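K.L.:
Below is coords-v2.cif; it holds mmCIF, C-alpha atoms.
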data_target
loop_
_atom_site.label_atom_id
_atom_site.label_comp_id
_atom_site.auth_asym_id
_atom_site.auth_seq_id
_atom_site.Cartn_x
_atom_site.Cartn_y
_atom_site.Cartn_z
CA MET A 1 -21.86 9.51 -10.33
CA LEU A 2 -24.72 7.79 -8.54
CA PHE A 3 -26.05 9.88 -5.71
CA PHE A 4 -28.62 7.60 -4.14
CA VAL A 5 -29.64 9.93 -1.31
CA VAL A 6 -32.73 8.85 0.52
CA SER A 7 -33.06 10.35 3.98
CA SER A 8 -31.36 12.67 6.40
CA ALA A 9 -32.55 10.76 9.44
CA PHE A 10 -31.00 7.31 9.09
CA ALA A 11 -30.38 5.31 12.25
CA GLN A 12 -26.69 5.29 13.17
CA ALA A 13 -25.16 1.80 13.16
CA PRO A 14 -21.91 0.22 12.01
CA GLU A 15 -21.57 -0.41 8.30
CA GLN A 16 -21.98 -3.92 6.87
CA SER A 17 -19.62 -5.45 4.35
CA GLN A 18 -20.83 -6.22 0.84
CA THR A 19 -19.82 -8.30 -2.12
CA GLY A 20 -21.21 -8.83 -5.57
CA THR A 21 -20.55 -9.90 -9.14
CA ALA A 22 -20.18 -7.79 -12.22
CA GLY A 23 -22.17 -7.75 -15.40
CA VAL A 24 -25.72 -6.69 -14.48
CA THR A 25 -26.83 -3.39 -15.94
CA PRO A 26 -30.05 -1.34 -15.78
CA GLY A 27 -32.78 -2.98 -17.77
CA ALA A 28 -31.72 -6.59 -17.07
CA GLU A 29 -34.49 -8.94 -16.05
CA ALA A 30 -34.80 -9.48 -12.30
CA PRO A 31 -36.70 -12.06 -10.31
CA ALA A 32 -40.08 -11.02 -9.05
CA ALA A 33 -39.83 -9.01 -5.89
CA GLY A 34 -40.94 -10.69 -2.76
CA GLY A 35 -40.03 -7.79 -0.46
CA GLY A 36 -39.33 -7.84 3.25
CA GLY A 37 -37.38 -10.40 5.20
CA GLY A 38 -38.83 -13.26 3.13
CA ALA A 39 -37.08 -12.23 -0.09
CA ASP A 40 -35.46 -15.24 -1.77
CA ALA A 41 -31.74 -15.61 -2.31
CA ALA A 42 -31.89 -15.01 -6.07
CA LEU A 43 -33.69 -11.71 -5.57
CA ILE A 44 -31.18 -10.51 -2.96
CA GLU A 45 -28.23 -11.64 -5.07
CA ASN A 46 -29.55 -9.74 -8.09
CA GLY A 47 -30.09 -6.65 -5.93
CA GLN A 48 -26.58 -6.97 -4.53
CA THR A 49 -25.11 -7.05 -8.04
CA LEU A 50 -27.12 -4.02 -9.15
CA PHE A 51 -26.13 -2.15 -5.99
CA LYS A 52 -22.43 -2.90 -6.45
CA ASN A 53 -22.40 -1.88 -10.12
CA ASN A 54 -24.42 1.30 -9.73
CA CYS A 55 -24.51 2.48 -6.11
CA THR A 56 -21.29 1.75 -4.24
CA GLN A 57 -19.49 4.76 -5.73
CA CYS A 58 -21.70 7.01 -3.61
CA HIS A 59 -23.35 4.84 -0.94
CA SER A 60 -22.62 2.22 1.66
CA VAL A 61 -25.14 -0.28 3.00
CA GLY A 62 -24.09 0.81 6.48
CA THR A 63 -24.17 4.28 8.00
CA ASP A 64 -21.01 5.77 6.48
CA VAL A 65 -21.59 8.81 4.31
CA VAL A 66 -19.68 8.44 1.04
CA VAL A 67 -21.17 11.05 -1.31
CA GLY A 68 -24.74 10.25 -0.33
CA PRO A 69 -25.89 8.85 3.00
CA GLY A 70 -25.46 5.29 4.22
CA LEU A 71 -28.52 3.18 3.44
CA ARG A 72 -28.79 1.00 6.51
CA ASP A 73 -32.49 0.45 7.43
CA VAL A 74 -33.64 2.82 4.68
CA HIS A 75 -36.63 0.55 4.09
CA LYS A 76 -37.81 1.47 7.60
CA ARG A 77 -37.47 5.22 6.93
CA ARG A 78 -39.18 5.42 3.57
CA SER A 79 -41.90 3.47 1.84
CA GLU A 80 -41.05 1.24 -1.09
CA ALA A 81 -43.17 3.39 -3.43
CA TRP A 82 -41.30 6.55 -2.37
CA LEU A 83 -37.90 4.89 -2.87
CA ILE A 84 -38.84 3.72 -6.36
CA LYS A 85 -39.96 7.22 -7.36
CA TRP A 86 -36.80 8.76 -5.94
CA ILE A 87 -34.40 6.42 -7.74
CA LYS A 88 -36.23 6.60 -11.06
CA ASN A 89 -36.42 10.40 -11.16
CA SER A 90 -35.35 12.34 -8.08
CA SER A 91 -35.66 15.68 -9.91
CA ALA A 92 -39.34 15.13 -10.63
CA LEU A 93 -39.99 14.20 -7.00
CA ILE A 94 -38.19 17.33 -5.78
CA GLN A 95 -40.05 19.57 -8.23
CA SER A 96 -43.34 18.10 -7.11
CA GLY A 97 -42.70 19.69 -3.71
CA ASP A 98 -42.32 16.43 -1.78
CA LYS A 99 -41.04 17.57 1.64
CA ASP A 100 -38.79 14.57 2.23
CA ALA A 101 -37.24 14.82 -1.24
CA VAL A 102 -36.59 18.54 -0.87
CA ALA A 103 -35.08 18.03 2.61
CA VAL A 104 -32.66 15.36 1.37
CA PHE A 105 -31.69 17.46 -1.66
CA ASN A 106 -30.90 20.49 0.52
CA GLU A 107 -29.04 18.51 3.19
CA TYR A 108 -26.56 17.02 0.73
CA SER A 109 -25.48 20.30 -0.89
CA LYS A 110 -28.09 20.12 -3.64
CA GLN A 111 -26.10 17.53 -5.58
CA GLN A 112 -28.35 16.13 -8.25
CA MET A 113 -28.82 12.39 -8.36
CA PRO A 114 -29.15 11.09 -11.95
CA SER A 115 -32.22 9.15 -13.03
CA PHE A 116 -32.02 5.39 -13.63
CA ALA A 117 -33.97 3.29 -16.09
CA PHE A 118 -34.49 0.39 -13.70
CA SER A 119 -37.65 -1.66 -13.77
CA ASP A 120 -39.78 -1.82 -10.61
CA ASP A 121 -38.64 -5.42 -10.05
CA GLU A 122 -34.99 -4.39 -10.25
CA LEU A 123 -35.53 -1.58 -7.76
CA LYS A 124 -37.36 -3.95 -5.42
CA SER A 125 -34.42 -6.35 -5.60
CA ILE A 126 -32.03 -3.52 -4.60
CA ILE A 127 -34.28 -2.62 -1.66
CA ALA A 128 -34.44 -6.31 -0.69
CA TYR A 129 -30.64 -6.48 -0.70
CA ILE A 130 -30.35 -3.37 1.51
CA GLU A 131 -32.93 -4.86 3.88
CA SER A 132 -30.99 -8.13 4.00
CA ALA A 133 -27.68 -6.33 4.65
CA SER A 134 -29.29 -4.19 7.34
CA ALA A 135 -30.54 -7.29 9.14
CA ALA A 136 -27.10 -8.92 9.21
CA PRO A 137 -25.11 -8.89 12.50
CA GLU A 138 -23.37 -5.61 13.09
CA ASN A 139 -19.63 -5.50 12.42
CA VAL A 140 -17.16 -2.97 13.70
CA GLN A 141 -15.43 -1.71 10.60
CA SER A 142 -11.94 -0.32 10.78
CA ALA A 143 -9.63 1.32 8.30
CA PRO A 144 -7.23 -0.96 6.44
CA SER A 145 -4.20 -1.77 8.52
CA ALA A 146 -1.27 0.43 7.68
CA GLY A 147 1.27 -2.02 8.98
CA PRO A 148 2.22 -3.97 12.09
CA GLU A 149 -0.32 -4.19 14.86
CA GLY A 150 -0.27 -1.36 17.33
CA ALA A 151 0.43 1.53 14.95
CA LYS A 152 -1.64 4.60 15.71
CA ALA A 153 -4.07 5.78 13.08
CA GLY A 154 -2.70 9.30 12.91
CA GLU A 155 0.94 8.39 13.29
CA ASN A 156 3.28 9.39 10.49
CA VAL A 157 5.22 6.15 10.35
CA GLY A 158 6.45 6.25 6.78
CA THR A 159 10.10 6.92 7.50
CA ASP A 160 10.20 4.43 10.38
CA ALA A 161 9.35 1.44 8.23
CA LEU A 162 12.77 1.30 6.61
CA GLY A 163 14.43 0.37 9.87
CA SER A 164 12.45 -2.82 10.49
CA VAL A 165 15.65 -4.94 10.37
CA GLY A 166 18.61 -2.64 9.88
CA GLY A 167 17.47 -0.34 12.71
CA TYR A 168 17.86 -3.05 15.33
CA VAL A 169 21.32 -3.96 14.05
CA ASP A 170 22.39 -0.33 14.14
CA LEU A 171 21.07 0.01 17.68
CA LEU A 172 22.95 -3.10 18.82
CA LEU A 173 26.13 -1.78 17.22
CA VAL A 174 25.80 1.57 19.00
CA VAL A 175 25.19 -0.17 22.34
CA LEU A 176 28.30 -2.35 21.94
CA VAL A 177 30.48 0.63 21.02
CA VAL A 178 29.19 2.61 24.00
CA VAL A 179 29.84 -0.36 26.34
CA LEU A 180 33.37 -0.72 25.00
CA ILE A 181 34.12 2.98 25.43
CA VAL A 182 32.75 2.97 28.99
CA LEU A 183 34.81 -0.12 29.81
CA VAL A 184 38.04 1.46 28.51
CA ILE A 185 37.43 4.72 30.37
CA THR A 186 36.66 2.84 33.58
CA LEU A 187 39.90 0.85 33.36
CA LEU A 188 41.91 4.00 32.71
CA ILE A 189 40.34 5.73 35.74
CA ILE A 190 41.07 2.72 37.96
CA ALA A 191 44.70 2.60 36.77
CA SER A 192 45.12 6.32 37.36
CA VAL A 193 43.70 6.09 40.91
CA LEU A 194 45.98 3.17 41.78
CA LYS A 195 49.06 4.99 40.49
CA ASN A 196 48.25 8.13 42.46
CA TYR A 197 47.79 6.05 45.59
CA LEU A 198 51.10 4.30 45.13
CA LYS A 199 52.93 7.57 44.45
CA GLY A 200 51.77 8.95 47.77
CA LYS A 201 52.89 5.91 49.70
CA GLU A 202 56.33 6.17 51.32
CA ASP A 203 57.39 2.55 51.94
CA LEU A 204 56.64 0.70 48.71
CA THR A 205 57.16 -3.02 48.41
CA GLY A 206 58.92 -4.50 45.43
CA ALA A 207 55.67 -5.51 43.80
CA GLU A 208 54.16 -2.08 44.34
CA GLN A 209 57.27 -0.37 42.95
CA GLU A 210 57.12 -2.62 39.91
CA MET A 211 53.45 -1.80 39.43
CA LEU A 212 54.14 1.93 39.63
CA GLU A 213 56.87 1.75 37.02
CA ARG A 214 54.92 -0.53 34.74
CA ARG A 215 53.98 0.90 31.36
CA THR A 216 50.85 0.01 29.38
CA ASN A 217 51.45 -3.06 27.28
CA PHE A 218 49.03 -2.98 24.36
CA ALA A 219 50.10 -6.44 23.27
CA ASN A 220 48.76 -7.85 26.52
CA ILE A 221 45.48 -5.95 26.03
CA TYR A 222 45.12 -7.41 22.56
CA LYS A 223 45.81 -10.91 23.89
CA SER A 224 43.10 -10.51 26.51
CA LYS A 225 40.26 -12.97 25.87
CA ALA A 226 37.57 -10.46 26.91
CA VAL A 227 38.88 -7.78 24.56
CA ARG A 228 39.08 -10.23 21.68
CA VAL A 229 35.50 -11.38 22.24
CA ILE A 230 34.18 -7.80 22.33
CA VAL A 231 36.13 -6.72 19.24
CA GLY A 232 35.11 -9.87 17.38
CA LEU A 233 31.45 -9.31 18.26
CA ILE A 234 31.61 -5.72 17.01
CA VAL A 235 33.20 -6.84 13.73
CA VAL A 236 30.48 -9.48 13.21
CA VAL A 237 27.70 -6.97 13.90
CA VAL A 238 29.24 -4.45 11.49
CA LEU A 239 29.56 -7.07 8.74
CA VAL A 240 25.96 -8.25 9.26
CA ASP A 241 24.71 -4.65 9.14
CA ILE A 242 26.61 -3.91 5.95
CA SER A 243 25.42 -7.18 4.36
CA ILE A 244 21.78 -6.46 5.16
CA ASP A 245 22.05 -2.92 3.79
CA LYS A 246 23.62 -4.19 0.58
CA VAL A 247 21.06 -6.96 0.12
CA MET A 248 18.17 -4.57 0.74
CA GLY A 249 19.77 -2.11 -1.66
CA VAL A 250 19.61 -4.51 -4.62
CA GLY A 251 15.95 -5.32 -4.09
CA ILE A 252 16.15 -8.75 -2.46
CA GLN A 253 13.37 -7.98 -0.02
CA GLN A 254 10.51 -10.20 -1.13
CA GLY A 255 7.59 -9.83 1.25
CA TYR A 256 8.65 -6.35 2.36
CA ALA A 257 5.44 -4.48 3.22
CA PRO A 258 6.25 -1.23 5.04
CA ARG A 259 3.75 0.89 6.89
CA GLN A 260 2.69 3.93 4.91
CA PRO A 261 1.87 7.44 6.17
CA ILE A 262 -1.70 7.01 4.89
CA ALA A 263 -3.59 3.71 5.07
CA PHE A 264 -4.27 3.30 1.35
CA SER A 265 -6.01 0.08 0.32
CA HIS A 266 -5.36 -1.26 -3.19
CA LYS A 267 -8.00 -3.90 -2.49
CA LEU A 268 -10.65 -1.22 -2.08
CA HIS A 269 -9.59 0.97 -5.00
CA ALA A 270 -8.19 -1.45 -7.61
CA GLY A 271 -10.19 -4.48 -6.44
CA ASP A 272 -13.64 -3.50 -5.18
CA HIS A 273 -14.00 -0.33 -7.28
CA GLN A 274 -11.89 -1.62 -10.20
CA ILE A 275 -10.02 1.64 -10.72
CA ASN A 276 -7.44 1.16 -13.46
CA CYS A 277 -3.82 1.36 -12.30
CA ASN A 278 -3.18 3.98 -14.99
CA TYR A 279 -5.62 6.40 -13.33
CA CYS A 280 -3.29 6.95 -10.37
CA HIS A 281 0.05 5.83 -11.83
CA THR A 282 -0.35 8.02 -14.90
CA SER A 283 3.06 7.35 -16.49
CA VAL A 284 3.06 3.55 -16.27
CA TYR A 285 2.33 3.15 -20.01
CA LYS A 286 4.44 6.04 -21.31
CA SER A 287 7.50 6.44 -19.10
CA ALA A 288 10.41 4.47 -17.73
CA SER A 289 9.07 5.01 -14.20
CA ALA A 290 5.63 4.38 -12.76
CA ASN A 291 5.00 7.60 -10.87
CA ILE A 292 3.54 7.82 -7.39
CA PRO A 293 0.26 9.77 -7.62
CA SER A 294 0.18 13.30 -6.29
CA ALA A 295 -2.35 14.45 -3.71
CA ASN A 296 -4.26 16.25 -6.49
CA ILE A 297 -5.12 12.90 -8.11
CA CYS A 298 -6.51 11.68 -4.79
CA MET A 299 -8.63 14.81 -4.55
CA ASN A 300 -10.31 14.10 -7.90
CA CYS A 301 -12.52 11.72 -5.92
CA HIS A 302 -11.96 12.62 -2.30
CA SER A 303 -13.02 16.22 -2.66
CA GLN A 304 -16.50 14.64 -2.53
CA ILE A 305 -16.03 11.12 -1.12
CA LYS A 306 -15.30 10.34 2.55
CA LYS A 307 -14.08 13.88 3.22
CA GLU A 308 -14.35 13.43 7.00
CA SER A 309 -12.23 10.25 7.13
CA ALA A 310 -9.14 10.58 9.33
CA GLU A 311 -6.95 9.15 6.58
CA ILE A 312 -8.38 11.49 3.92
CA GLN A 313 -7.80 14.44 6.23
CA LYS A 314 -4.07 13.67 5.99
CA ILE A 315 -4.31 14.39 2.25
CA TYR A 316 -6.02 17.71 2.97
CA ARG A 317 -3.26 18.65 5.44
CA ALA A 318 -0.55 17.77 2.91
CA ILE A 319 -2.15 20.08 0.34
CA GLU A 320 -2.72 22.87 2.86
CA ASN A 321 0.92 22.70 4.00
CA ASN A 322 2.16 22.39 0.41
CA LYS A 323 4.11 19.25 1.32
CA PRO A 324 4.16 15.95 -0.59
CA ILE A 325 2.97 12.77 1.06
CA GLU A 326 6.09 10.83 2.06
CA TRP A 327 5.15 7.39 0.75
CA VAL A 328 7.63 4.61 1.57
CA ARG A 329 9.06 3.03 -1.54
CA VAL A 330 8.39 -0.73 -1.77
CA HIS A 331 9.99 -1.80 -5.06
CA ASN A 332 13.52 -0.44 -5.34
CA LEU A 333 15.90 -1.68 -8.01
CA PRO A 334 19.57 -0.70 -7.66
CA ASP A 335 20.97 2.10 -9.79
CA LEU A 336 23.12 -0.41 -11.65
CA ALA A 337 20.03 -1.94 -13.29
CA TYR A 338 17.89 -0.14 -15.89
CA PHE A 339 14.19 -0.99 -16.07
CA ASN A 340 11.63 0.65 -18.35
CA HIS A 341 7.97 0.35 -17.36
CA SER A 342 6.52 1.47 -20.70
CA GLN A 343 8.69 -1.02 -22.59
CA HIS A 344 7.09 -3.82 -20.59
CA THR A 345 3.51 -2.56 -20.14
CA LYS A 346 2.89 -0.77 -23.46
CA VAL A 347 5.14 -2.60 -25.90
CA GLY A 348 5.34 -5.99 -24.22
CA GLY A 349 1.76 -6.03 -22.93
CA VAL A 350 2.90 -7.26 -19.51
CA GLU A 351 0.15 -7.04 -16.87
CA CYS A 352 0.89 -5.29 -13.58
CA GLN A 353 0.17 -8.52 -11.68
CA THR A 354 2.99 -10.34 -13.49
CA CYS A 355 5.58 -8.53 -11.37
CA HIS A 356 3.54 -6.99 -8.56
CA GLY A 357 1.33 -9.99 -7.83
CA PRO A 358 -2.43 -9.79 -7.07
CA ILE A 359 -2.21 -6.09 -6.26
CA GLU A 360 -6.01 -5.77 -6.38
CA THR A 361 -6.28 -7.98 -3.27
CA MET A 362 -3.68 -6.20 -1.12
CA GLU A 363 -4.76 -4.03 1.79
CA VAL A 364 -1.09 -3.17 2.37
CA VAL A 365 1.23 -3.41 -0.64
CA GLY A 366 4.25 -5.65 -0.30
CA GLN A 367 6.95 -6.83 -2.70
CA TYR A 368 5.51 -9.96 -4.31
CA SER A 369 8.32 -11.02 -6.67
CA PRO A 370 12.04 -11.30 -5.84
CA LEU A 371 13.02 -8.85 -8.63
CA THR A 372 16.46 -10.49 -8.86
CA MET A 373 18.51 -10.68 -12.05
CA GLY A 374 17.89 -14.42 -12.31
CA TRP A 375 14.13 -13.91 -12.00
CA CYS A 376 14.15 -11.31 -14.81
CA ILE A 377 16.33 -13.47 -17.08
CA ASP A 378 14.04 -16.49 -16.60
CA CYS A 379 11.11 -14.34 -17.69
CA HIS A 380 13.00 -13.12 -20.78
CA ARG A 381 13.86 -16.70 -21.69
CA ASN A 382 10.28 -17.94 -21.42
CA THR A 383 8.15 -15.00 -22.62
CA PRO A 384 7.29 -15.10 -26.36
CA LEU A 385 7.45 -11.84 -28.28
CA ASN A 386 4.23 -10.79 -29.99
CA THR A 387 5.47 -10.01 -33.50
CA GLU A 388 2.15 -10.25 -35.31
CA GLY A 389 1.45 -7.19 -37.45
CA ASN A 390 4.86 -5.65 -36.72
CA ALA A 391 7.00 -5.61 -39.86
CA TYR A 392 10.07 -4.72 -37.83
CA TYR A 393 10.31 -8.34 -36.66
CA ASP A 394 9.47 -10.13 -39.92
CA ASN A 395 13.04 -10.73 -41.09
CA LEU A 396 14.26 -11.50 -37.56
CA VAL A 397 11.57 -14.14 -37.08
CA LYS A 398 12.47 -15.80 -40.40
CA LEU A 399 16.15 -15.95 -39.49
CA HIS A 400 15.29 -17.30 -36.06
CA GLU A 401 13.11 -20.05 -37.50
CA LYS A 402 15.92 -21.15 -39.82
CA GLN A 403 18.47 -21.42 -37.03
CA SER A 404 16.35 -22.59 -34.12
CA LYS A 405 13.28 -24.66 -33.39
CA GLY A 406 12.46 -22.78 -30.23
CA ALA A 407 9.95 -19.98 -29.80
CA PHE A 408 10.88 -16.38 -30.60
CA VAL A 409 11.17 -15.10 -27.04
CA VAL A 410 12.57 -11.92 -25.48
CA ALA A 411 15.97 -13.59 -25.19
CA SER A 412 15.95 -14.15 -28.96
CA GLN A 413 15.92 -10.37 -29.37
CA GLY A 414 18.90 -9.90 -27.06
CA GLY A 415 16.89 -9.79 -23.86
CA THR A 416 19.58 -11.59 -21.88
CA GLU A 417 22.53 -9.47 -23.01
CA CYS A 418 24.24 -7.60 -20.18
CA SER A 419 24.02 -4.25 -21.97
CA LYS A 420 20.21 -4.42 -22.09
CA CYS A 421 19.98 -3.65 -18.38
CA HIS A 422 23.53 -2.63 -17.41
CA TYR A 423 25.11 0.23 -19.31
#
Can you dump the structure from the file as structure tokens?
P.N.:
Amino acid sequence: MLFFVVSSAFAQAPEQSQTGTAGVTPGAEAPAAGGGGGADAALIENGQTLFKNNCTQCHSVGTDVVVGPGLRDVHKRRSEAWLIKWIKNSSALIQSGDKDAVAVFNEYSKQQMPSFAFSDDELKSIIAYIESASAAPENVQSAPSAGPEGAKAGENVGTDALGSVGGYVDLLLVVLVVVLIVLVITLLIIASVLKNYLKGKEDLTGAEQEMLERRTNFANIYKSKAVRVIVGLIVVVVLVDISIDKVMGVGIQQGYAPRQPIAFSHKLHAGDHQINCNYCHTSVYKSASANIPSANICMNCHSQIKKESAEIQKIYRAIENNKPIEWVRVHNLPDLAYFNHSQHTKVGGVECQTCHGPIETMEVVGQYSPLTMGWCIDCHRNTPLNTEGNAYYDNLVKLHEKQSKGAFVVASQGGTECSKCHY
């Protein structure tokens, strides 16, 4: 891991964003260094690429400490010659007794930075990129949004996200029931008071006597327009609530992106840092289910990286309290449908993005595909089976070619039969 530590006395300023392209490795030819603010665009671009491929695992171009310090304005803190010596061989510089090198080494827990076989021109291009990024307007950087605007950073909102629609319907239903109960009780109290008043009256008129002897007629209550409206409204609300619950239960919730208890960014991890999905979801190629990573997997990196982050501290607390992180499930097929991840990813070679969309660009994960039965069947009807080199399919392919002119797709192998997914 690159540990590009340079100084313990960097100026504190907000971190700048960075982008770059892949493919440049140590030893590649770089444009001649111009240095300073007059560095040309090609030089800065080459330095940006080198920085992204070799430095971003441990450093930001702002002030955030990742593993090593943020590198904002490092060119003002150290000379170019000193920086080149440090990057090429930090151990030799420390052993030489250089005070600055020894101070940096001690400050960052004596973690050894590996040596890099960069040319001087390549190192100058990296320094030029850092200088260019440091000179850019300051941006206030915030953690990836964990959901709808207004959620507090430390709020455990995982279990609340499920009620984004159904919760309001349930609340409305409860309010209507309470109103109805209060209305009935109020009418009963009024009737009781009137009867008691009439009983205590000596000279009752005919109408009053009739009212006193009158018994409750439930047929008249049922025929009341107000009662019918209230009962009808309650029935409609109940049916809507049940319908929404059933629809959500079978996975028809495309676009559903609940807030999570920890603001985890797939864009940062799978996109910017290109961490393979299999690193966290360890069973995606060998099991029917793609597991949610445990806190221990997070700590493989975050025991060293961004330890002071408020979101990372939630992971520490989960481990200390011996409690799992209560992630909110996004993709939820009904129990009546069987789906095997390994059958699709390992055997079928289906990419994660086919079903989950451009996951590497998502700050907050949402359901990208409808995941309905029709959507799955369409895929089975149009996806060719890769039978090359697999003798199991040889005879089947020959029989298929004799009987049909179409391609040998998943449906040709029984991929649309009910018992494939429902049994």
K.L.:
I need the residue nearest A:Val397 from this list: A:Ile221, A:Val410, A:Ile185, A:Asp100. Use all atoms listed in the file for the distance.
P.N.:
A:Val410
K.L.:
Once the PyMOL selection byres ((chain A and resi 305-307) around 9) is applied to the coordinates I shared, what remains selected? I want it as a ChimeraX atom specification.
P.N.:
/A:57-58,64-68,299,301-304,308-310,312-313,316
K.L.:
Just the selected residues (C-alpha atoms), exported as an mmCIF file, in the frame of the given file, please.
P.N.:
data_model
loop_
_atom_site.group_PDB
_atom_site.id
_atom_site.type_symbol
_atom_site.label_atom_id
_atom_site.label_comp_id
_atom_site.auth_asym_id
_atom_site.auth_seq_id
_atom_site.Cartn_x
_atom_site.Cartn_y
_atom_site.Cartn_z
ATOM 1 C CA GLN A 57 -19.490 4.760 -5.730
ATOM 2 C CA CYS A 58 -21.700 7.010 -3.610
ATOM 3 C CA ASP A 64 -21.010 5.770 6.480
ATOM 4 C CA VAL A 65 -21.590 8.810 4.310
ATOM 5 C CA VAL A 66 -19.680 8.440 1.040
ATOM 6 C CA VAL A 67 -21.170 11.050 -1.310
ATOM 7 C CA GLY A 68 -24.740 10.250 -0.330
ATOM 8 C CA MET A 299 -8.630 14.810 -4.550
ATOM 9 C CA CYS A 301 -12.520 11.720 -5.920
ATOM 10 C CA HIS A 302 -11.960 12.620 -2.300
ATOM 11 C CA SER A 303 -13.020 16.220 -2.660
ATOM 12 C CA GLN A 304 -16.500 14.640 -2.530
ATOM 13 C CA GLU A 308 -14.350 13.430 7.000
ATOM 14 C CA SER A 309 -12.230 10.250 7.130
ATOM 15 C CA ALA A 310 -9.140 10.580 9.330
ATOM 16 C CA ILE A 312 -8.380 11.490 3.920
ATOM 17 C CA GLN A 313 -7.800 14.440 6.230
ATOM 18 C CA TYR A 316 -6.020 17.710 2.970
#
K.L.:
For stretch 81-94 of chain A, please output as a PDB file with C-alpha atoms, in the frame of the given file all residues within 7 Å (counting all atoms listed in the file; exclusion window: fewer than 5 positions along the same chain).
P.N.:
ATOM      1  CA  PHE A   4     -28.620   7.600  -4.140  1.00  0.00           C
ATOM      2  CA  ALA A 101     -37.240  14.820  -1.240  1.00  0.00           C
ATOM      3  CA  VAL A 102     -36.590  18.540  -0.870  1.00  0.00           C
ATOM      4  CA  MET A 113     -28.820  12.390  -8.360  1.00  0.00           C
ATOM      5  CA  SER A 115     -32.220   9.150 -13.030  1.00  0.00           C
ATOM      6  CA  PHE A 116     -32.020   5.390 -13.630  1.00  0.00           C
ATOM      7  CA  ALA A 117     -33.970   3.290 -16.090  1.00  0.00           C
ATOM      8  CA  PHE A 118     -34.490   0.390 -13.700  1.00  0.00           C
ATOM      9  CA  LEU A 123     -35.530  -1.580  -7.760  1.00  0.00           C
TER      10      LEU A 123
END
K.L.:
Work out how far apart atom CA of A:His331 and atom CA of A:Tyr423 are and give it in Å to one decimal.
P.N.:
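Pair atom CA of A:His331 / atom CA of A:Tyr423 returns 20.9 Å.
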K.L.:
Return as lines of an AutoDock Vina configuration file the box centre and box size in Å, one decimal, for an axis-aligned box around all listed atoms of stretch 85-104 of chain A padded by 5 Å per side.
P.N.:
center_x = -38.0
center_y = 13.1
center_z = -4.3
size_x = 20.7
size_y = 23.3
size_z = 23.8
K.L.:
Between atom CA of A:His269 and atom CA of A:Val364, what is the distance, to one decimal in Å?
P.N.:
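Rounded to one decimal, the two atoms are 12.0 Å apart.
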K.L.:
Can you pull out every residue within 9 Å of A:His75, counting only C-alpha atoms, but drop anything in the same chain fewer than 5 positions away, and send it as a PyMOL selection string?
P.N.:
chain A and resi 36+80+83+127-128+130-131
K.L.:
Write out as a PyMOL selection string each polymer residue whose atoms come within 9 Å of A:Ile315, counting all atoms listed in the file; drop sequence neighbours fewer than 3 positions from it.
P.N.:
chain A and resi 262+295-296+298-299+311-312+318-320+325
K.L.:
Once you count only C-alpha atoms, which residues end up no further than 12 Å from (-7.9, -0.9, -4.7) in the file's frame, shown as a short mmCIF file (atom, residue, chain, number, x, y, z; two decimals) with C-alpha atoms, in the coordinates of the input?
P.N.:
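Printed below is result34.cif as written:
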data_model
loop_
_atom_site.label_atom_id
_atom_site.label_comp_id
_atom_site.auth_asym_id
_atom_site.auth_seq_id
_atom_site.Cartn_x
_atom_site.Cartn_y
_atom_site.Cartn_z
CA PRO A 144 -7.23 -0.96 6.44
CA ALA A 263 -3.59 3.71 5.07
CA PHE A 264 -4.27 3.30 1.35
CA SER A 265 -6.01 0.08 0.32
CA HIS A 266 -5.36 -1.26 -3.19
CA LYS A 267 -8.00 -3.90 -2.49
CA LEU A 268 -10.65 -1.22 -2.08
CA HIS A 269 -9.59 0.97 -5.00
CA ALA A 270 -8.19 -1.45 -7.61
CA GLY A 271 -10.19 -4.48 -6.44
CA ASP A 272 -13.64 -3.50 -5.18
CA HIS A 273 -14.00 -0.33 -7.28
CA GLN A 274 -11.89 -1.62 -10.20
CA ILE A 275 -10.02 1.64 -10.72
CA ASN A 276 -7.44 1.16 -13.46
CA CYS A 277 -3.82 1.36 -12.30
CA TYR A 279 -5.62 6.40 -13.33
CA CYS A 280 -3.29 6.95 -10.37
CA PRO A 358 -2.43 -9.79 -7.07
CA ILE A 359 -2.21 -6.09 -6.26
CA GLU A 360 -6.01 -5.77 -6.38
CA THR A 361 -6.28 -7.98 -3.27
CA MET A 362 -3.68 -6.20 -1.12
CA GLU A 363 -4.76 -4.03 1.79
CA VAL A 364 -1.09 -3.17 2.37
CA VAL A 365 1.23 -3.41 -0.64
#
K.L.:
Write out, as JSON lines, each residue of stretch 298-343 of chain A that has an atom at most 12 Å from stretch 375-381 of chain A, together with the closest pair of atoms and their distance in Å to one decimal, counting all atoms listed in the file, rows going by chain and rising number.
P.N.:
{"residue": "A:Leu333", "atom": "CA", "partner": "A:Cys376", "partner_atom": "CA", "distance": 11.9}
{"residue": "A:Ala337", "atom": "CA", "partner": "A:Cys376", "partner_atom": "CA", "distance": 11.2}
{"residue": "A:Tyr338", "atom": "CA", "partner": "A:Cys376", "partner_atom": "CA", "distance": 11.8}
{"residue": "A:Phe339", "atom": "CA", "partner": "A:Cys376", "partner_atom": "CA", "distance": 10.4}
K.L.:
Point out the residue among A:Val240, A:Met373, A:Val284, A:Leu399 with the least atom-to-atom distance to A:Thr345, counting only C-alpha atoms.
P.N.:
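Closest candidate: A:Val284.
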K.L.:
Name the residues captured by the PyMOL selection byres ((chain A and resi 45) around 9) when it is applied to the shown file; answer as number ranges by chain.
P.N.:
A: 20-21, 40-44, 46-50, 125-126, 129
K.L.:
Which value, in Å to one decimal, gives the distance between atom CA of A:Gly232 and atom CA of A:Leu173?
P.N.:
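Going from atom CA of A:Gly232 over to atom CA of A:Leu173, I get 12.1 Å.
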